[in-house]
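K.L.:
One structure coming up, written as structure tokens, with questions to follow.
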Amino acid sequence: MNFKFSILIPCFNEENTVFDVVTNICNCFPDELVVVVDDGSTDGSYDQLLKVKSKNLKTIQLEKNMGKGFALRTGLEYLENKSEIVIFTDADTEILVEDLLKVSQMYENPNVEIVFGSRFLEISNIKKFQMGIHRYLANLLLTIISNLAFRQKLTDMETAVKSFKTSLIKYLNLTANRFDIEPELVKELANLEKKIHEVGISYNPRSRNEGKKISFKDGISTLMYLLRNY
């Protein structure tokens, strides 16, 4: 393996943020592999990616929009034998690169194999109101059901910041194409009977008008996935 870490970023129509986000991550992880899967963006996202001049960046362009789950699975297939650990994040500004560093530092313990970044490990009323109480309650409900279904004690199942050792990829039977990749990842990792560690991360939520992709329909789809696998 050439890299210890790889940062995997799915991207769909994030032309306003993807250049700064990816440049910042490449600069903060100069010796690691950064993989961006452009999920058939119809704006200028891919053009922005081409402007990033970092030697540790690999871009994969899908011809049409296939969904976050498909983009992540495409990235995992590419990097399975290229790094020891993969960290997922998004191409927007909701997650700070400093929090990805916090996740990576958890692997200084050689016994750690899976780490999630939790937005709610140390939740405050301010954070609840910033993201909207309805969205907070929806996340809470989905996490509770996920914990019951998959025998976990997570505080944030829907987090975009998930990471694990790439040696586990071959054991994951991932098929989800959209946002239901989140509970599917939890299910597959839980089936390996390995501890999922959490570390607190910050969160800068944005609205639908600002480019938020996940919708009420996606929430229902995630709920139905959890109920089918309960």
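Naming works like this for the structure tokens: A, B, ... for the chains as they're shown, residue 1 at the start of each chain, ligands 1 onward in shown order.
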Name all residues at most 6 Å from Ile7 of chain A (count only C-alpha atoms; drop same-chain ones fewer than 2 positions away) and give them as a PyMOL selection string.

P.N.:
chain A and resi 34+86-88

K.L.:
Extract, using only C-alpha atoms, all DNA, RNA and protein residues at most 8 Å from Asn13 of chain A, discarding same-chain residues fewer than 3 positions from it, and format them as a ChimeraX atom specification.

P.N.:
/A:41-45

K.L.:
Got time to write the residues from that selection, N, CA and C atoms, as a JSON list (two decimals), in the first residue's frame?

P.N.:
```json
[["chain", "number", "residue", "atom", "x", "y", "z"],
["A", 41, "SER", "N", -22.10, 15.47, -12.20],
["A", 41, "SER", "CA", -22.51, 16.86, -11.96],
["A", 41, "SER", "C", -22.90, 17.55, -13.26],
["A", 42, "THR", "N", -23.93, 18.39, -13.17],
["A", 42, "THR", "CA", -24.41, 19.13, -14.34],
["A", 42, "THR", "C", -24.05, 20.61, -14.27],
["A", 43, "ASP", "N", -23.35, 20.99, -13.22],
["A", 43, "ASP", "CA", -22.88, 22.37, -13.12],
["A", 43, "ASP", "C", -21.38, 22.39, -13.44],
["A", 44, "GLY", "N", -20.64, 23.25, -12.84],
["A", 44, "GLY", "CA", -19.21, 23.33, -13.14],
["A", 44, "GLY", "C", -18.32, 22.63, -12.14],
["A", 45, "SER", "N", -18.86, 21.68, -11.40],
["A", 45, "SER", "CA", -18.08, 21.01, -10.35],
["A", 45, "SER", "C", -16.83, 20.35, -10.89]]
```

K.L.:
Which one is closest to Leu189 of chain A: A:Glu113, A:Glu122, A:Asp218, A:Asp92? Count only C-alpha atoms.

P.N.:
A:Glu113

K.L.:
Of the candidates A:Ser104, A:Ser54, A:Thr222, A:Asn109, which shows the shortest atom-to-atom distance to Phe5 of chain A, using only C-alpha atoms?

P.N.:
A:Ser104

K.L.:
Can you work out which one of A:Thr23, A:Gln61, A:Asn16, A:Asn81 has the shortest atom-to-atom distance to Asp39 of chain A, counting only C-alpha atoms?

P.N.:
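Closest to Asp39 of chain A of all the choices is A:Gln61.
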
K.L.:
Could you pull out the helix (DSSP H, G or I) residues of segment 100-228 of chain A, going by DSSP on the backbone, and write them as a VMD selection string?

P.N.:
chain A and resid 100 to 106 125 to 131 133 to 150 166 to 171 181 to 191 216 to 228
